[in-house]
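Peer 1: Below you'll find the structure I mean.
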Amino acid sequence: MIKKFILIMLLLTMSAFCLNVGYYFFNPDVARLKKWHPARTSFMEYRLRQWAEQGKKKKIIQSWVKLSQVSPYVIKAVLIGEDDKFWSHGGFDYEALQKALVADLKKGRFRAGGSTVSQQLAKNLYLTPAKNPLRKIKEAIITWRIERELSKKRIIELYLNVAEWGDGLFGIEAAARHYYGKSALELTATEAARLAAVLPNPLKYQPTGTSQYVKNREAAIFRVMLKRGIVIPAYEAVMEEGVF
């Protein structure tokens, strides 16, 4: 009887897991992202819940812009800092994932870094910052679907508009206005490198702060930008597809 009970519980658990994960093969409707700009992302809702629990009265600051209204320096800096193989991969950078997993194993933890821009977009739009394996599986499924439904240009456009750049600060336009008092289109190469430098932890670091970590990361990103020239060919080719 005990063995039978355990078997039934295992089957029920496996069924629940499959249903939970299987849901994300069909939902949410990522195809609508081709033209739809989500007013609130799951990540924003997560921050709002955090503030409510902490008794904080804060609001989300965001302003949508087309990719043509973003400085090419920003696009270049963000991709160098976050996803250098963005234009060529299918949603996953397996080399970066392998390195991240090896680092996790050495430290005895599960964080699985090495996320691409597409993966980060999936997480920001539909999931939470949780680092558990189940969330990573859901993220992978949504990423796979996003890469098959959307162009690379649209993916980076969405990402730049929903990425977190500070406490309650989302999107490159809001970040540019907040930190530098100018539009995203007017950002210089140095400012773009600084903004890209804080993306791994925008709640801890500020692009206009004095953190040595930010200065070092900005310098590293800026060196690559200089080495590659003003605009990389891959970016020019994608931009020729037309503007949304």
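Ordered as shown in the structure tokens, chains take letters A, B, and onward, while each chain numbers its residues from 1 and ligands are numbered from 1 in the order shown.
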What's the 7 Å shell around region 155-158 of chain A, counting only C-alpha atoms, without same-chain residues fewer than 6 positions away, as a PyMOL selection string?
Peer 2: chain A and resi 66-67+118
Peer 1: Take the residues from that selection and write them out as a PDB file, in the first residue's frame, keeping C-alpha atoms.
Peer 2:
```pdb
ATOM      1  CA  LYS A  66      11.145  52.910 -31.418  1.00  0.00           C
ATOM      2  CA  LEU A  67      14.552  51.398 -32.116  1.00  0.00           C
ATOM      3  CA  SER A 118      16.158  36.938 -25.710  1.00  0.00           C
TER       4      SER A 118
END
```
Peer 1: Just the residues within 12 Å of Ala192 (chain A), please, counting only C-alpha atoms, with nothing from its chain fewer than 5 positions along; format it as a PyMOL selection string.
Peer 2: chain A and resi 70-81+160+172-173+175-176+179-180+183-187+197-199+207-208+217-219+221-222+225
Peer 1: DSSP on the backbone: what in region 32-199 of chain A comes out strand (DSSP E or B), as a PyMOL selection string?
Peer 2: chain A and resi 61-62+164-166+169-170
Peer 1: Which is closest to Gly171 (chain A) among A:Thr41, A:Gln119, A:Thr190, A:Thr128, if we use only C-alpha atoms?
Peer 2: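 For Gly171 (chain A), the nearest of the candidates is A:Thr41.
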Peer 1: Set the distance at 12 Å and use only C-alpha atoms: which residues neighbour Phe25 (chain A) once local chain neighbours fewer than 4 positions away are removed? I'd like the list as a list of chain:residue names.
Peer 2: A:Cys18, A:Leu19, A:Asn20, A:Val21, A:Asp29, A:Val30, A:Ile137, A:Lys138, A:Glu139, A:Ala140, A:Ile141, A:Ile142, A:Thr143, A:Trp144, A:Arg145, A:Ile146
Peer 1: Pick out the closest residue to Asp84 (chain A) from this set: A:Ser115, A:Ser68, A:Asn124, A:Asn161. Count only C-alpha atoms.
Peer 2: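 So, comparing all the options, the nearest one is A:Ser115.
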Peer 1: Can you list, as a ChimeraX atom specification, every residue of region 5-222 of chain A that DSSP puts in alpha helix (DSSP H)?
Peer 2: /A:5-22,42-53,72-82,94-107,117-126,133-149,152-162,172-180,189-197,212-222
Peer 1: Next, dump the selected residues to file, keeping only C-alpha atoms, as a short mmCIF file (atom, residue, chain, number, x, y, z; two decimals), in the first residue's frame.
Peer 2:
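selection.cif was written with the following content:
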```cif
data_model
loop_
_atom_site.label_atom_id
_atom_site.label_comp_id
_atom_site.auth_asym_id
_atom_site.auth_seq_id
_atom_site.Cartn_x
_atom_site.Cartn_y
_atom_site.Cartn_z
CA PHE A 5 0.74 5.48 -2.54
CA ILE A 6 4.27 6.71 -3.26
CA LEU A 7 3.92 5.73 -6.92
CA ILE A 8 0.60 7.58 -7.23
CA MET A 9 2.09 10.68 -5.61
CA LEU A 10 5.05 10.57 -7.96
CA LEU A 11 2.78 10.26 -10.98
CA LEU A 12 0.61 13.14 -9.78
CA THR A 13 3.70 15.28 -9.18
CA MET A 14 5.09 14.50 -12.63
CA SER A 15 1.72 15.24 -14.24
CA ALA A 16 1.46 18.57 -12.43
CA PHE A 17 5.01 19.44 -13.51
CA CYS A 18 4.30 18.56 -17.15
CA LEU A 19 1.10 20.60 -17.16
CA ASN A 20 2.84 23.54 -15.53
CA VAL A 21 5.72 23.53 -18.02
CA GLY A 22 3.59 22.51 -21.01
CA SER A 42 5.67 40.56 -15.10
CA PHE A 43 8.91 42.02 -13.76
CA MET A 44 7.20 45.38 -13.16
CA GLU A 45 4.34 43.67 -11.36
CA TYR A 46 6.90 41.84 -9.22
CA ARG A 47 8.48 45.16 -8.19
CA LEU A 48 5.06 46.64 -7.40
CA ARG A 49 4.29 43.69 -5.10
CA GLN A 50 7.65 44.12 -3.39
CA TRP A 51 6.97 47.78 -2.73
CA ALA A 52 3.49 47.02 -1.42
CA GLU A 53 4.88 44.44 1.00
CA PRO A 72 23.28 53.13 -32.09
CA TYR A 73 25.86 53.46 -29.30
CA VAL A 74 23.30 52.09 -26.83
CA ILE A 75 22.42 49.10 -28.98
CA LYS A 76 26.09 48.34 -29.51
CA ALA A 77 27.06 48.77 -25.85
CA VAL A 78 24.17 46.69 -24.51
CA LEU A 79 24.84 43.80 -26.85
CA ILE A 80 28.57 43.83 -26.11
CA GLY A 81 27.87 43.81 -22.40
CA GLU A 82 24.90 41.42 -22.32
CA TYR A 94 25.53 27.57 -25.18
CA GLU A 95 29.16 28.45 -24.58
CA ALA A 96 28.21 31.15 -22.06
CA LEU A 97 25.71 28.79 -20.41
CA GLN A 98 28.35 26.09 -20.04
CA LYS A 99 30.78 28.53 -18.40
CA ALA A 100 28.06 29.76 -16.04
CA LEU A 101 27.08 26.21 -15.05
CA VAL A 102 30.71 25.27 -14.36
CA ALA A 103 31.05 28.37 -12.16
CA ASP A 104 27.83 27.45 -10.33
CA LEU A 105 29.06 23.92 -9.67
CA LYS A 106 32.32 25.22 -8.24
CA LYS A 107 30.43 27.54 -5.90
CA VAL A 117 18.96 39.19 -24.45
CA SER A 118 16.16 36.94 -25.71
CA GLN A 119 16.16 34.99 -22.45
CA GLN A 120 16.20 38.18 -20.40
CA LEU A 121 13.29 39.52 -22.45
CA ALA A 122 11.29 36.33 -21.78
CA LYS A 123 11.99 36.63 -18.05
CA ASN A 124 11.18 40.34 -17.86
CA LEU A 125 7.95 40.06 -19.82
CA TYR A 126 6.43 36.93 -18.33
CA PRO A 133 15.35 25.38 -12.27
CA LEU A 134 11.60 25.41 -13.02
CA ARG A 135 11.65 29.11 -13.85
CA LYS A 136 14.68 28.56 -16.10
CA ILE A 137 12.81 25.81 -18.00
CA LYS A 138 9.83 28.14 -18.54
CA GLU A 139 12.21 30.88 -19.63
CA ALA A 140 13.85 28.55 -22.16
CA ILE A 141 10.49 27.59 -23.69
CA ILE A 142 9.35 31.21 -24.03
CA THR A 143 12.75 32.22 -25.43
CA TRP A 144 12.51 29.49 -28.07
CA ARG A 145 9.06 30.78 -29.08
CA ILE A 146 10.13 34.45 -29.10
CA GLU A 147 13.06 33.71 -31.40
CA ARG A 148 10.72 31.98 -33.85
CA GLU A 149 8.00 34.63 -33.82
CA LYS A 152 16.06 40.20 -34.02
CA LYS A 153 15.35 43.88 -34.47
CA ARG A 154 12.04 43.61 -32.64
CA ILE A 155 13.60 41.54 -29.84
CA ILE A 156 16.26 44.16 -29.07
CA GLU A 157 13.67 46.94 -29.40
CA LEU A 158 11.44 45.25 -26.82
CA TYR A 159 14.34 44.48 -24.52
CA LEU A 160 15.61 48.06 -24.48
CA ASN A 161 12.12 49.24 -23.59
CA VAL A 162 11.49 46.84 -20.70
CA ILE A 172 16.24 53.11 -22.16
CA GLU A 173 14.27 56.33 -22.68
CA ALA A 174 13.37 56.63 -18.99
CA ALA A 175 16.96 55.78 -18.04
CA ALA A 176 18.42 58.37 -20.42
CA ARG A 177 16.08 61.08 -19.09
CA HIS A 178 16.68 60.14 -15.45
CA TYR A 179 20.46 59.82 -15.47
CA TYR A 180 21.52 62.20 -18.25
CA ALA A 189 29.15 56.36 -26.58
CA THR A 190 30.47 56.80 -23.04
CA GLU A 191 26.98 57.24 -21.59
CA ALA A 192 25.79 54.17 -23.49
CA ALA A 193 28.68 52.09 -22.14
CA ARG A 194 27.88 53.27 -18.60
CA LEU A 195 24.21 52.35 -18.93
CA ALA A 196 25.13 48.93 -20.31
CA ALA A 197 27.62 48.41 -17.47
CA GLN A 212 34.78 51.02 -9.46
CA TYR A 213 32.94 47.97 -10.79
CA VAL A 214 30.88 50.19 -13.11
CA LYS A 215 33.94 52.16 -14.20
CA ASN A 216 35.86 48.99 -15.03
CA ARG A 217 32.95 47.39 -16.88
CA GLU A 218 32.24 50.60 -18.78
CA ALA A 219 35.89 50.81 -19.84
CA ALA A 220 35.86 47.21 -21.04
CA ILE A 221 32.66 47.73 -23.08
CA PHE A 222 33.92 51.02 -24.49
#
```
Peer 1: Can you work out which one of A:Val224, A:Asn201, A:Gly166, A:Gln69 has the shortest atom-to-atom distance to Pro129 (chain A), counting only C-alpha atoms?
Peer 2: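 When distances to Pro129 (chain A) are compared using only C-alpha atoms, the smallest one comes from A:Asn201.
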Peer 1: CA of Gly168 (chain A) and CA of Gly91 (chain A), how far apart in Å?
Peer 2: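 Going from CA of Gly91 (chain A) over to CA of Gly168 (chain A), I get 27.0 Å.
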